[in-house]
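K.L.:
My structure file my_file27.cif, mmCIF, C-alpha atoms and all ligand atoms, is below:
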```cif
data_target
#
loop_
_atom_site.group_PDB
_atom_site.id
_atom_site.type_symbol
_atom_site.label_atom_id
_atom_site.label_comp_id
_atom_site.auth_asym_id
_atom_site.auth_seq_id
_atom_site.Cartn_x
_atom_site.Cartn_y
_atom_site.Cartn_z
ATOM 1 C CA SER A 67 141.640 89.644 85.559
ATOM 2 C CA ILE A 68 139.703 92.889 85.438
ATOM 3 C CA PRO A 69 141.434 95.790 83.677
ATOM 4 C CA LEU A 70 142.195 98.571 86.122
ATOM 5 C CA GLY A 71 140.099 101.079 84.179
ATOM 6 C CA PHE A 72 136.930 99.279 85.210
ATOM 7 C CA PHE A 73 137.521 100.310 88.807
ATOM 8 C CA GLY A 74 137.603 103.930 87.689
ATOM 9 C CA GLY A 75 134.364 103.385 85.784
ATOM 10 C CA ILE A 76 132.676 101.687 88.718
ATOM 11 C CA GLY A 77 133.859 104.507 90.962
ATOM 12 C CA SER A 78 132.481 107.281 88.764
ATOM 13 C CA ALA A 79 129.202 105.387 88.407
ATOM 14 C CA SER A 80 128.860 105.132 92.183
ATOM 15 C CA LYS A 81 129.358 108.884 92.486
ATOM 16 C CA GLN A 82 126.288 109.289 90.297
ATOM 17 C CA GLY A 83 124.283 106.904 92.456
ATOM 18 C CA VAL A 84 124.724 103.916 90.164
ATOM 19 C CA LEU A 85 126.155 100.821 91.827
ATOM 20 C CA VAL A 86 127.717 98.408 89.326
ATOM 21 C CA LYS A 87 128.552 95.041 90.867
ATOM 22 C CA GLY A 88 131.515 94.180 88.646
ATOM 23 C CA GLY A 89 133.541 95.111 85.570
ATOM 24 C CA ASN A 90 131.791 92.524 83.410
ATOM 25 C CA TYR A 91 128.469 94.325 83.879
ATOM 26 C CA LEU A 92 130.032 97.666 83.075
ATOM 27 C CA GLU A 93 131.351 96.117 79.865
ATOM 28 C CA ALA A 94 127.958 94.517 79.116
ATOM 29 C CA LEU A 95 126.281 97.946 79.379
ATOM 30 C CA ASN A 96 128.044 98.880 76.130
ATOM 31 C CA SER A 97 125.763 96.721 74.010
ATOM 32 C CA VAL A 98 122.206 97.016 75.209
ATOM 33 C CA GLN A 99 119.495 96.430 72.624
ATOM 34 C CA THR A 100 116.420 95.804 74.765
ATOM 35 C CA VAL A 101 115.243 97.343 78.013
ATOM 36 C CA VAL A 102 112.468 95.473 79.811
ATOM 37 C CA MET A 103 110.875 97.257 82.747
ATOM 38 C CA ASP A 104 108.514 96.501 85.562
ATOM 39 C CA LYS A 105 105.771 99.123 85.939
ATOM 40 C CA THR A 106 105.025 99.771 89.605
ATOM 41 C CA GLY A 107 107.943 101.412 91.377
ATOM 42 C CA THR A 108 110.111 101.346 88.256
ATOM 43 C CA LEU A 109 108.289 103.483 85.680
ATOM 44 C CA THR A 110 105.749 104.770 88.183
ATOM 45 C CA GLU A 111 106.315 106.230 91.650
ATOM 46 C CA GLY A 112 104.882 103.156 93.358
ATOM 47 C CA VAL A 113 102.900 105.509 95.587
ATOM 48 C CA PHE A 114 99.196 105.133 95.043
ATOM 49 C CA ASP A 115 96.487 107.627 95.927
ATOM 50 C CA VAL A 116 93.036 106.394 96.812
ATOM 51 C CA ALA A 117 90.736 107.928 94.180
ATOM 52 C CA GLU A 118 87.373 106.233 94.859
ATOM 53 C CA ILE A 119 85.836 104.032 97.538
ATOM 54 C CA VAL A 120 82.738 102.328 96.161
ATOM 55 C CA PRO A 121 80.849 100.034 98.549
ATOM 56 C CA GLU A 122 78.253 97.500 97.412
ATOM 57 C CA GLY A 123 74.706 97.288 98.808
ATOM 58 C CA ASP A 124 74.386 98.120 102.509
ATOM 59 C CA TRP A 125 78.095 98.336 103.173
ATOM 60 C CA SER A 126 79.470 101.793 104.005
ATOM 61 C CA LYS A 127 82.658 103.388 102.682
ATOM 62 C CA GLY A 128 84.042 103.093 106.221
ATOM 63 C CA ASP A 129 83.345 99.341 106.351
ATOM 64 C CA LEU A 130 84.975 98.809 102.981
ATOM 65 C CA LEU A 131 88.099 100.800 103.799
ATOM 66 C CA LYS A 132 88.460 99.163 107.207
ATOM 67 C CA LEU A 133 88.222 95.646 105.778
ATOM 68 C CA ALA A 134 90.806 96.501 103.136
ATOM 69 C CA ALA A 135 93.110 98.035 105.760
ATOM 70 C CA GLN A 136 92.715 94.981 108.013
ATOM 71 C CA ALA A 137 93.745 92.728 105.155
ATOM 72 C CA GLU A 138 96.684 94.946 104.117
ATOM 73 C CA THR A 139 98.121 95.539 107.626
ATOM 74 C CA ASN A 140 100.957 93.047 107.207
ATOM 75 C CA SER A 141 101.682 93.546 103.513
ATOM 76 C CA ASN A 142 104.733 95.393 102.187
ATOM 77 C CA HIS A 143 103.195 95.960 98.755
ATOM 78 C CA PRO A 144 102.923 99.636 97.677
ATOM 79 C CA ILE A 145 99.151 99.078 97.388
ATOM 80 C CA ALA A 146 99.029 98.234 101.102
ATOM 81 C CA GLN A 147 100.791 101.453 102.064
ATOM 82 C CA SER A 148 98.276 103.580 100.175
ATOM 83 C CA ILE A 149 95.269 101.861 101.704
ATOM 84 C CA LEU A 150 96.674 102.069 105.208
ATOM 85 C CA GLU A 151 97.372 105.748 104.701
ATOM 86 C CA ALA A 152 93.804 106.424 103.580
ATOM 87 C CA TYR A 153 92.467 104.453 106.559
ATOM 88 C CA GLN A 154 92.674 106.690 109.569
ATOM 89 C CA GLY A 155 90.923 104.376 112.045
ATOM 90 C CA GLU A 156 92.260 102.649 115.148
ATOM 91 C CA ASN A 157 95.344 100.482 114.788
ATOM 92 C CA ILE A 158 94.843 96.936 113.691
ATOM 93 C CA LYS A 159 96.610 94.586 116.057
ATOM 94 C CA SER A 160 98.579 91.859 114.401
ATOM 95 C CA ASP A 161 97.365 89.278 116.942
ATOM 96 C CA GLU A 162 93.888 89.601 115.410
ATOM 97 C CA ILE A 163 95.313 88.418 112.090
ATOM 98 C CA ASP A 164 95.341 84.704 111.230
ATOM 99 C CA ASN A 165 95.900 82.727 108.087
ATOM 100 C CA TYR A 166 97.710 85.444 106.198
ATOM 101 C CA GLN A 167 98.185 84.588 102.521
ATOM 102 C CA GLU A 168 99.746 86.946 99.988
ATOM 103 C CA ILE A 169 98.932 85.423 96.622
ATOM 104 C CA ALA A 170 101.420 86.666 94.011
ATOM 105 C CA GLY A 171 99.799 88.633 91.207
ATOM 106 C CA HIS A 172 96.383 88.369 92.872
ATOM 107 C CA GLY A 173 96.292 90.009 96.297
ATOM 108 C CA LEU A 174 95.550 88.925 99.846
ATOM 109 C CA LYS A 175 93.475 86.343 101.676
ATOM 110 C CA VAL A 176 93.548 87.059 105.393
ATOM 111 C CA THR A 177 91.478 86.105 108.411
ATOM 112 C CA VAL A 178 91.037 89.046 110.809
ATOM 113 C CA ASP A 179 88.887 88.763 113.943
ATOM 114 C CA GLY A 180 87.482 85.536 112.532
ATOM 115 C CA LYS A 181 86.379 87.134 109.241
ATOM 116 C CA GLU A 182 87.955 85.979 106.004
ATOM 117 C CA ILE A 183 88.865 89.052 103.967
ATOM 118 C CA LEU A 184 89.930 89.082 100.329
ATOM 119 C CA ALA A 185 91.577 92.178 98.843
ATOM 120 C CA GLY A 186 92.961 92.052 95.332
ATOM 121 C CA ASN A 187 92.261 92.072 91.623
ATOM 122 C CA HIS A 188 89.634 90.368 89.467
ATOM 123 C CA LYS A 189 91.783 87.250 89.261
ATOM 124 C CA LEU A 190 91.529 86.894 93.040
ATOM 125 C CA MET A 191 87.741 87.316 92.955
ATOM 126 C CA GLU A 192 87.457 84.700 90.211
ATOM 127 C CA ARG A 193 89.812 82.276 91.938
ATOM 128 C CA GLU A 194 87.717 82.529 95.124
ATOM 129 C CA ASP A 195 84.369 82.388 93.296
ATOM 130 C CA ILE A 196 83.133 85.771 94.477
ATOM 131 C CA ASN A 197 80.123 87.271 92.739
ATOM 132 C CA TYR A 198 81.616 90.729 92.179
ATOM 133 C CA ASN A 199 80.956 93.776 90.065
ATOM 134 C CA ASP A 200 83.640 93.862 87.371
ATOM 135 C CA ARG A 201 84.951 97.408 86.837
ATOM 136 C CA ILE A 202 86.985 96.676 83.750
ATOM 137 C CA ASP A 203 86.213 100.196 82.415
ATOM 138 C CA SER A 204 87.973 102.009 85.274
ATOM 139 C CA SER A 205 91.299 103.546 84.417
ATOM 140 C CA GLY A 206 93.218 102.778 87.564
ATOM 141 C CA THR A 207 94.271 99.900 89.771
ATOM 142 C CA ILE A 208 91.167 98.340 91.290
ATOM 143 C CA ILE A 209 91.216 96.550 94.635
ATOM 144 C CA TYR A 210 88.116 94.420 95.064
ATOM 145 C CA VAL A 211 87.211 93.485 98.638
ATOM 146 C CA ALA A 212 85.140 90.564 99.898
ATOM 147 C CA CYS A 213 84.292 89.445 103.428
ATOM 148 C CA ASP A 214 83.254 85.863 104.237
ATOM 149 C CA ASN A 215 82.606 85.277 100.540
ATOM 150 C CA GLU A 216 80.400 88.343 100.174
ATOM 151 C CA TYR A 217 81.444 91.107 97.792
ATOM 152 C CA VAL A 218 81.868 94.392 99.735
ATOM 153 C CA GLY A 219 82.960 96.799 96.991
ATOM 154 C CA TYR A 220 86.081 98.162 95.376
ATOM 155 C CA ILE A 221 88.719 100.819 95.944
ATOM 156 C CA LEU A 222 90.192 102.587 92.937
ATOM 157 C CA ILE A 223 93.782 103.728 93.389
ATOM 158 C CA SER A 224 96.127 105.492 91.026
ATOM 159 C CA ASP A 225 99.856 105.859 90.677
ATOM 160 C CA LYS A 226 101.890 108.475 88.770
ATOM 161 C CA ILE A 227 104.493 107.989 86.086
ATOM 162 C CA LYS A 228 107.928 109.039 87.373
ATOM 163 C CA GLU A 229 108.946 112.471 86.173
ATOM 164 C CA ASP A 230 112.126 111.268 84.568
ATOM 165 C CA ALA A 231 110.731 108.129 82.902
ATOM 166 C CA LYS A 232 110.190 109.835 79.542
ATOM 167 C CA GLU A 233 113.630 111.381 79.591
ATOM 168 C CA ALA A 234 115.085 107.964 80.447
ATOM 169 C CA ILE A 235 113.526 106.390 77.385
ATOM 170 C CA SER A 236 114.466 109.114 74.927
ATOM 171 C CA GLY A 237 118.037 109.226 76.291
ATOM 172 C CA LEU A 238 118.428 105.454 76.076
ATOM 173 C CA LYS A 239 117.119 105.529 72.495
ATOM 174 C CA ARG A 240 119.832 108.017 71.601
ATOM 175 C CA LEU A 241 122.391 105.634 73.102
ATOM 176 C CA GLY A 242 121.223 102.868 70.754
ATOM 177 C CA VAL A 243 118.626 100.934 72.739
ATOM 178 C CA ASP A 244 115.976 99.977 70.209
ATOM 179 C CA LYS A 245 113.310 98.129 72.157
ATOM 180 C CA PHE A 246 111.401 99.092 75.305
ATOM 181 C CA VAL A 247 109.021 96.615 76.868
ATOM 182 C CA MET A 248 106.979 96.862 80.084
ATOM 183 C CA LEU A 249 105.876 93.875 82.165
ATOM 184 C CA THR A 250 103.284 94.281 84.893
ATOM 185 C CA GLY A 251 100.936 92.391 87.138
ATOM 186 C CA ASP A 252 98.504 95.298 86.986
ATOM 187 C CA ASN A 253 95.493 95.454 84.668
ATOM 188 C CA LYS A 254 95.508 96.126 80.913
ATOM 189 C CA GLN A 255 93.932 99.597 81.101
ATOM 190 C CA VAL A 256 96.616 100.908 83.443
ATOM 191 C CA ALA A 257 99.381 99.183 81.493
ATOM 192 C CA GLN A 258 98.159 100.569 78.188
ATOM 193 C CA SER A 259 97.943 104.148 79.427
ATOM 194 C CA VAL A 260 101.494 104.024 80.833
ATOM 195 C CA ALA A 261 102.811 102.375 77.649
ATOM 196 C CA ASP A 262 101.081 104.969 75.445
ATOM 197 C CA GLU A 263 102.250 107.909 77.484
ATOM 198 C CA LEU A 264 105.856 106.708 77.434
ATOM 199 C CA GLY A 265 105.800 105.481 73.829
ATOM 200 C CA LEU A 266 106.895 101.950 74.692
ATOM 201 C CA ASP A 267 107.205 99.380 71.903
ATOM 202 C CA ASP A 268 105.374 96.662 73.761
ATOM 203 C CA TYR A 269 103.756 95.779 77.065
ATOM 204 C CA TYR A 270 102.346 92.702 78.774
ATOM 205 C CA ALA A 271 99.803 93.113 81.597
ATOM 206 C CA GLU A 272 98.238 90.905 84.284
ATOM 207 C CA LEU A 273 101.360 88.754 84.460
ATOM 208 C CA LEU A 274 102.093 86.438 87.338
ATOM 209 C CA PRO A 275 105.713 86.417 88.546
ATOM 210 C CA ASP A 276 106.470 83.189 86.613
ATOM 211 C CA GLN A 277 105.036 84.682 83.444
ATOM 212 C CA LYS A 278 107.414 87.640 83.762
ATOM 213 C CA ILE A 279 110.296 85.149 83.748
ATOM 214 C CA GLU A 280 108.837 83.382 80.699
ATOM 215 C CA LYS A 281 108.498 86.668 78.782
ATOM 216 C CA VAL A 282 112.085 87.642 79.523
ATOM 217 C CA GLU A 283 113.300 84.188 78.501
ATOM 218 C CA GLU A 284 111.435 84.406 75.194
ATOM 219 C CA MET A 285 113.042 87.772 74.506
ATOM 220 C CA LEU A 286 116.501 86.464 75.487
ATOM 221 C CA ASN A 287 116.089 83.539 73.098
ATOM 222 C CA ARG A 288 115.102 85.800 70.248
ATOM 223 C CA SER A 289 117.851 88.393 70.742
ATOM 224 C CA ASP A 290 121.367 88.370 69.261
ATOM 225 C CA ASP A 291 124.060 86.840 71.439
ATOM 226 C CA ASP A 292 126.213 89.962 71.318
ATOM 227 C CA GLN A 293 123.329 92.217 72.289
ATOM 228 C CA ASN A 294 122.209 92.492 75.888
ATOM 229 C CA LEU A 295 118.851 92.682 77.546
ATOM 230 C CA ILE A 296 118.400 94.760 80.673
ATOM 231 C CA PHE A 297 115.561 94.098 83.088
ATOM 232 C CA VAL A 298 114.720 96.889 85.520
ATOM 233 C CA GLY A 299 112.573 96.060 88.540
ATOM 234 C CA ASP A 300 112.069 96.657 92.229
ATOM 235 C CA GLY A 301 109.880 94.024 93.833
ATOM 236 C CA ILE A 302 110.526 90.782 95.716
ATOM 237 C CA ASN A 303 108.880 88.994 92.795
ATOM 238 C CA ASP A 304 111.303 90.598 90.365
ATOM 239 C CA ALA A 305 114.380 88.898 91.859
ATOM 240 C CA PRO A 306 114.245 85.780 89.624
ATOM 241 C CA VAL A 307 113.859 87.909 86.469
ATOM 242 C CA LEU A 308 116.730 90.152 87.562
ATOM 243 C CA ALA A 309 118.918 87.090 87.944
ATOM 244 C CA ARG A 310 117.917 85.649 84.552
ATOM 245 C CA SER A 311 118.410 88.738 82.373
ATOM 246 C CA ASP A 312 121.804 89.749 80.917
ATOM 247 C CA ILE A 313 121.902 92.781 83.193
ATOM 248 C CA GLY A 314 119.497 93.028 86.133
ATOM 249 C CA VAL A 315 118.888 96.563 87.399
ATOM 250 C CA ALA A 316 117.129 97.271 90.707
ATOM 251 C CA MET A 317 115.833 100.437 92.294
ATOM 252 C CA GLY A 318 117.929 100.999 95.430
ATOM 253 C CA GLY A 319 115.596 103.150 97.489
ATOM 254 C CA LEU A 320 112.199 101.675 96.781
ATOM 255 C CA GLY A 321 113.506 98.246 95.913
ATOM 256 C CA SER A 322 113.053 95.170 98.060
ATOM 257 C CA ASP A 323 116.187 93.626 99.583
ATOM 258 C CA ALA A 324 115.694 90.569 97.380
ATOM 259 C CA ALA A 325 115.718 92.685 94.221
ATOM 260 C CA ILE A 326 118.796 94.676 95.279
ATOM 261 C CA GLU A 327 120.598 91.438 96.141
ATOM 262 C CA ALA A 328 119.744 89.769 92.815
ATOM 263 C CA ALA A 329 120.610 92.824 90.695
ATOM 264 C CA ASP A 330 123.866 93.479 88.805
ATOM 265 C CA VAL A 331 123.324 97.233 88.820
ATOM 266 C CA VAL A 332 121.498 99.262 91.483
ATOM 267 C CA LEU A 333 120.039 102.735 90.848
ATOM 268 C CA MET A 334 120.352 104.306 94.294
ATOM 269 C CA LYS A 335 118.151 107.310 93.465
ATOM 270 C CA ASP A 336 115.299 105.233 91.999
ATOM 271 C CA LYS A 337 115.593 107.253 88.800
ATOM 272 C CA PRO A 338 115.348 105.282 85.555
ATOM 273 C CA SER A 339 117.250 108.116 83.798
ATOM 274 C CA ASN A 340 120.348 107.080 85.792
ATOM 275 C CA LEU A 341 120.594 104.196 83.328
ATOM 276 C CA ILE A 342 121.713 106.774 80.765
ATOM 277 C CA ASP A 343 124.578 107.744 83.072
ATOM 278 C CA ALA A 344 125.434 104.087 83.584
ATOM 279 C CA ILE A 345 125.713 103.458 79.840
ATOM 280 C CA ASN A 346 127.645 106.678 79.247
ATOM 281 C CA ILE A 347 130.164 105.713 81.923
ATOM 282 C CA ALA A 348 130.423 102.235 80.404
ATOM 283 C CA LYS A 349 131.190 103.737 76.979
ATOM 284 C CA PHE A 350 133.731 106.148 78.419
ATOM 285 C CA THR A 351 135.404 103.385 80.427
ATOM 286 C CA ARG A 352 135.702 101.184 77.347
ATOM 287 C CA LYS A 353 137.303 104.060 75.445
ATOM 288 C CA ILE A 354 140.062 104.489 78.010
ATOM 289 C CA ILE A 355 140.679 100.766 78.399
ATOM 290 C CA TRP A 356 140.821 99.507 74.839
HETATM 291 P P1 LIG B 1 103.501 94.869 89.509
HETATM 292 O O1 LIG B 1 103.908 94.062 88.334
HETATM 293 O O2 LIG B 1 102.742 96.076 89.096
HETATM 294 O O3 LIG B 1 104.640 95.171 90.427
HETATM 295 P P2 LIG B 1 102.432 92.811 91.355
HETATM 296 O O4 LIG B 1 102.805 91.535 90.691
HETATM 297 O O5 LIG B 1 103.105 93.171 92.611
HETATM 298 O O6 LIG B 1 102.431 94.021 90.297
HETATM 299 O O7 LIG B 1 100.851 92.766 91.643
HETATM 300 C C1 LIG B 1 99.968 92.548 90.580
HETATM 301 C C2 LIG B 1 98.565 92.839 91.002
HETATM 302 O O8 LIG B 1 98.172 91.962 92.057
HETATM 303 C C3 LIG B 1 98.347 94.237 91.545
HETATM 304 O O9 LIG B 1 98.132 95.200 90.530
HETATM 305 C C4 LIG B 1 97.109 94.020 92.384
HETATM 306 O O10 LIG B 1 95.974 93.992 91.568
HETATM 307 C C5 LIG B 1 97.326 92.630 92.967
HETATM 308 N N1 LIG B 1 97.985 92.705 94.278
HETATM 309 C C6 LIG B 1 99.259 92.347 94.564
HETATM 310 N N2 LIG B 1 99.533 92.562 95.870
HETATM 311 C C7 LIG B 1 98.422 93.101 96.408
HETATM 312 C C8 LIG B 1 98.047 93.573 97.723
HETATM 313 N N3 LIG B 1 98.884 93.559 98.758
HETATM 314 N N4 LIG B 1 96.795 94.049 97.879
HETATM 315 C C9 LIG B 1 95.919 94.093 96.870
HETATM 316 N N5 LIG B 1 96.210 93.696 95.623
HETATM 317 C C10 LIG B 1 97.423 93.196 95.388
HETATM 318 MG MG MG B 2 106.421 95.332 91.279
#
```
Produce C-alpha cells that represent the structure in this file.
P.N.:
Amino acid sequence: SIPLGFFGGIGSASKQGVLVKGGNYLEALNSVQTVVMDKTGTLTEGVFDVAEIVPEGDWSKGDLLKLAAQAETNSNHPIAQSILEAYQGENIKSDEIDNYQEIAGHGLKVTVDGKEILAGNHKLMEREDINYNDRIDSSGTIIYVACDNEYVGYILISDKIKEDAKEAISGLKRLGVDKFVMLTGDNKQVAQSVADELGLDDYYAELLPDQKIEKVEEMLNRSDDDQNLIFVGDGINDAPVLARSDIGVAMGGLGSDAAIEAADVVLMKDKPSNLIDAINIAKFTRKIIW
C-alpha cells in the first residue's frame, strides 16, 4: 500500500504544474543520477524560425517554399509548423496529397498534385539518391527539398534554447544529479551548440527513434541499480524511451498525446526547471513519511 504522505506530495507537485502518476515515481525521484533529454521541444522551444531559403539553379524561393509547405501540410512535427507559417500562399488542399510518408528521423516523402516531394535531412536525400548540395557547415536545422528526384534547394531553420534550461541543469546538479545527456535526431552542429551552451556532459546527434532507445538502454545497464535515470521528451517517437527509462518525463503542453500517456511524470508548463520542484517535493515527502 502507498503511504498516505505520498498523496500529499503528489498534490503539492500538481499545484506546481508537475503531474506525478504514482507514489513509486515520487519515491524514485529521490535518487536520480542521470538526466537524459531530447532536444527539440524539451531543451529548445520547438518553435523554429525560417532563417534562409536557398533555391538551386532556376528554382525560385517561392517554388522552394511552396514545395516544402505542400509536403509539410499534414505533418505535426514542429518543423512543419514553422514552414507552414513562413509560407503565406493559398491553402493546400489535403485531397491533392497522396502517398504521404513520414519517415522517422529523416523527413517526408509525399506526392502532391502528382509531384513527388521530399523534405528532410541529408539522410533522406541519401536514402532517395538525390544529388544535393550538402550544407554541413550551416549552424541550424537544414531542410533539403527535392521534387521528382531533382534537388530544389534547402531551407535553414533555427530554434531557441528554452530560457529556463540552464537554470534547470544547474538546479538539478545542486540536487545531486551528476550526468546530463542529450539525444536528438537533429544534426551534429545544432546538437553541439546546444550541448556547449548548456554545459551538458554528453550528446548524441542524428539518432533514429530506435537508436534513442538503444542509448538509454546502454546507460541503464551501466548505471547503479539504486540510482535512477530520467528521460525527458515530448515527441510521439519518444514514447518508447519514456516507457523504458526509470522515470519518464513528458512535456504536457507541447508534448504529443503518446508521450504524455507513456510518461510517469508530466511537466504541465513545459519548463524543464519544474523537475527541480519535482525532486524537492519528493525529498520533502520522504522526510515526512520515513
Ligand atoms: P528530435 O530528436 O530533434 O525531436 P526528430 O527525430 O523528430 O528530432 O527528427 C529528426 C530530424 O528528422 C529532424 O531534425 C529533421 O531533419 C528530420 N525531420 C523529421 N520530421 C521532419 C519533417 N516533418 N520535415 C522535415 N524534416 C523532418
Ligand atoms: Mg522530438
K.L.:
Compile the contact shell of range 299-309 of chain A as an NGL selection string: residues with an atom at most 10 Å away, counting only C-alpha atoms, same-chain residues fewer than 5 positions apart removed.
P.N.:
:A and (102-109 or 112 or 142-144 or 170-171 or 249 or 274-283 or 314-332 or 336)
K.L.:
Measuring atom to atom with all atoms listed in the file, identify which of A:Asp195, A:Glu156, A:Asp244, A:Glu111 is nearest to ligand MG 2 (chain B).
P.N.:
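Closest to ligand MG 2 (chain B), using all atoms listed in the file: A:Glu111.
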K.L.:
Hey, could you pull the box centre and edge lengths for range 186-191 of chain A, axis-aligned, 5 Å padding per side, all listed atoms, to one decimal in Å, as JSON?
P.N.:
```
{"center_x": 90.4, "center_y": 89.5, "center_z": 92.3, "size_x": 15.2, "size_y": 15.2, "size_z": 16.1}
```
K.L.:
Residues at most 6 Å from ligand LIG 1 (chain B), using only C-alpha atoms and all ligand atoms? Could they come as a ChimeraX atom specification?
P.N.:
/A:104-106,138,141,143,145-146,171-174,185-187,209,250-252
K.L.:
Using all atoms listed in the file, can you tell me which of A:Leu150, A:Tyr210, A:Val113, A:Ala135 comes closest to ligand MG 2 (chain B)?
P.N.:
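Closest candidate: A:Val113.
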K.L.:
Output the residue selection produced by the PyMOL selection byres (((chain A and resi 217) around 8) and not hetatm) on the file above, formatted as a VMD selection string.
P.N.:
chain A and resid 122 196 to 198 210 to 213 215 to 216 218 to 219
K.L.:
Would you pick out the contacts of range 175-178 of chain A at 10 Å or less, using only C-alpha atoms, so that residues sharing its chain but fewer than 6 positions from it are not included, and give the list as a VMD selection string?
P.N.:
chain A and resid 133 136 to 140 158 to 169 184 to 186 190 194 211 to 214
K.L.:
Can you write out the residues you just picked, keeping C-alpha atoms, as a tab-separated table (two decimals), in the frame of the given file?
P.N.:
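To be explicit, this is the file written out as result_19.tsv:
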```tsv
chain	number	residue	atom	x	y	z
A	133	LEU	CA	88.22	95.65	105.78
A	136	GLN	CA	92.72	94.98	108.01
A	137	ALA	CA	93.74	92.73	105.16
A	138	GLU	CA	96.68	94.95	104.12
A	139	THR	CA	98.12	95.54	107.63
A	140	ASN	CA	100.96	93.05	107.21
A	158	ILE	CA	94.84	96.94	113.69
A	159	LYS	CA	96.61	94.59	116.06
A	160	SER	CA	98.58	91.86	114.40
A	161	ASP	CA	97.36	89.28	116.94
A	162	GLU	CA	93.89	89.60	115.41
A	163	ILE	CA	95.31	88.42	112.09
A	164	ASP	CA	95.34	84.70	111.23
A	165	ASN	CA	95.90	82.73	108.09
A	166	TYR	CA	97.71	85.44	106.20
A	167	GLN	CA	98.18	84.59	102.52
A	168	GLU	CA	99.75	86.95	99.99
A	169	ILE	CA	98.93	85.42	96.62
A	184	LEU	CA	89.93	89.08	100.33
A	185	ALA	CA	91.58	92.18	98.84
A	186	GLY	CA	92.96	92.05	95.33
A	190	LEU	CA	91.53	86.89	93.04
A	194	GLU	CA	87.72	82.53	95.12
A	211	VAL	CA	87.21	93.48	98.64
A	212	ALA	CA	85.14	90.56	99.90
A	213	CYS	CA	84.29	89.44	103.43
A	214	ASP	CA	83.25	85.86	104.24
```
K.L.:
On this file, the PyMOL selection byres (((chain A and resi 96) around 7) and not hetatm) gives some set of residues; write that set as a PyMOL selection string.
P.N.:
chain A and resi 93-95+97-98+345+348-349
K.L.:
Just want the 10 Å neighbourhood of Ile76 in chain A, counted on all atoms listed in the file, with same-chain residues fewer than 5 positions away dropped. Output as a PDB file with C-alpha atoms, in the coordinates of the input.
P.N.:
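Saved file around36.pdb follows:
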```pdb
ATOM      1  CA  GLY A  71     140.099 101.079  84.179  1.00  0.00           C
ATOM      2  CA  LYS A  81     129.358 108.884  92.486  1.00  0.00           C
ATOM      3  CA  VAL A  84     124.724 103.916  90.164  1.00  0.00           C
ATOM      4  CA  LEU A  85     126.155 100.821  91.827  1.00  0.00           C
ATOM      5  CA  VAL A  86     127.717  98.408  89.326  1.00  0.00           C
ATOM      6  CA  LYS A  87     128.552  95.041  90.867  1.00  0.00           C
ATOM      7  CA  GLY A  88     131.515  94.180  88.646  1.00  0.00           C
ATOM      8  CA  GLY A  89     133.541  95.111  85.570  1.00  0.00           C
ATOM      9  CA  TYR A  91     128.469  94.325  83.879  1.00  0.00           C
ATOM     10  CA  LEU A  92     130.032  97.666  83.075  1.00  0.00           C
ATOM     11  CA  ALA A 344     125.434 104.087  83.584  1.00  0.00           C
ATOM     12  CA  ILE A 347     130.164 105.713  81.923  1.00  0.00           C
ATOM     13  CA  ALA A 348     130.423 102.235  80.404  1.00  0.00           C
ATOM     14  CA  THR A 351     135.404 103.385  80.427  1.00  0.00           C
TER      15      THR A 351
END
```
K.L.:
Evaluate the PyMOL selection byres (((chain A and resi 225) around 8) and not hetatm) against this structure - the residues, as a ChimeraX atom specification, please.
P.N.:
/A:110-115,206,223-224,226-227
K.L.:
Just checking: using only C-alpha atoms and all ligand atoms, which residue out of A:Ser259, A:Ala271, A:Gly74, A:Asn287 ends up closest to ligand MG 2 (chain B)?
P.N.:
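Nearest candidate to ligand MG 2 (chain B) out of A:Ser259, A:Ala271, A:Gly74, A:Asn287: A:Ala271.
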K.L.:
For each of A:Ser126, A:Met248, A:Asp179, A:Asp203, take the minimum atom-to-atom distance to ligand MG 2 (chain B), counting all atoms listed in the file, then give the residue where this is smallest.
P.N.:
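Of the candidates, the smallest distance to ligand MG 2 (chain B) is held by A:Met248.
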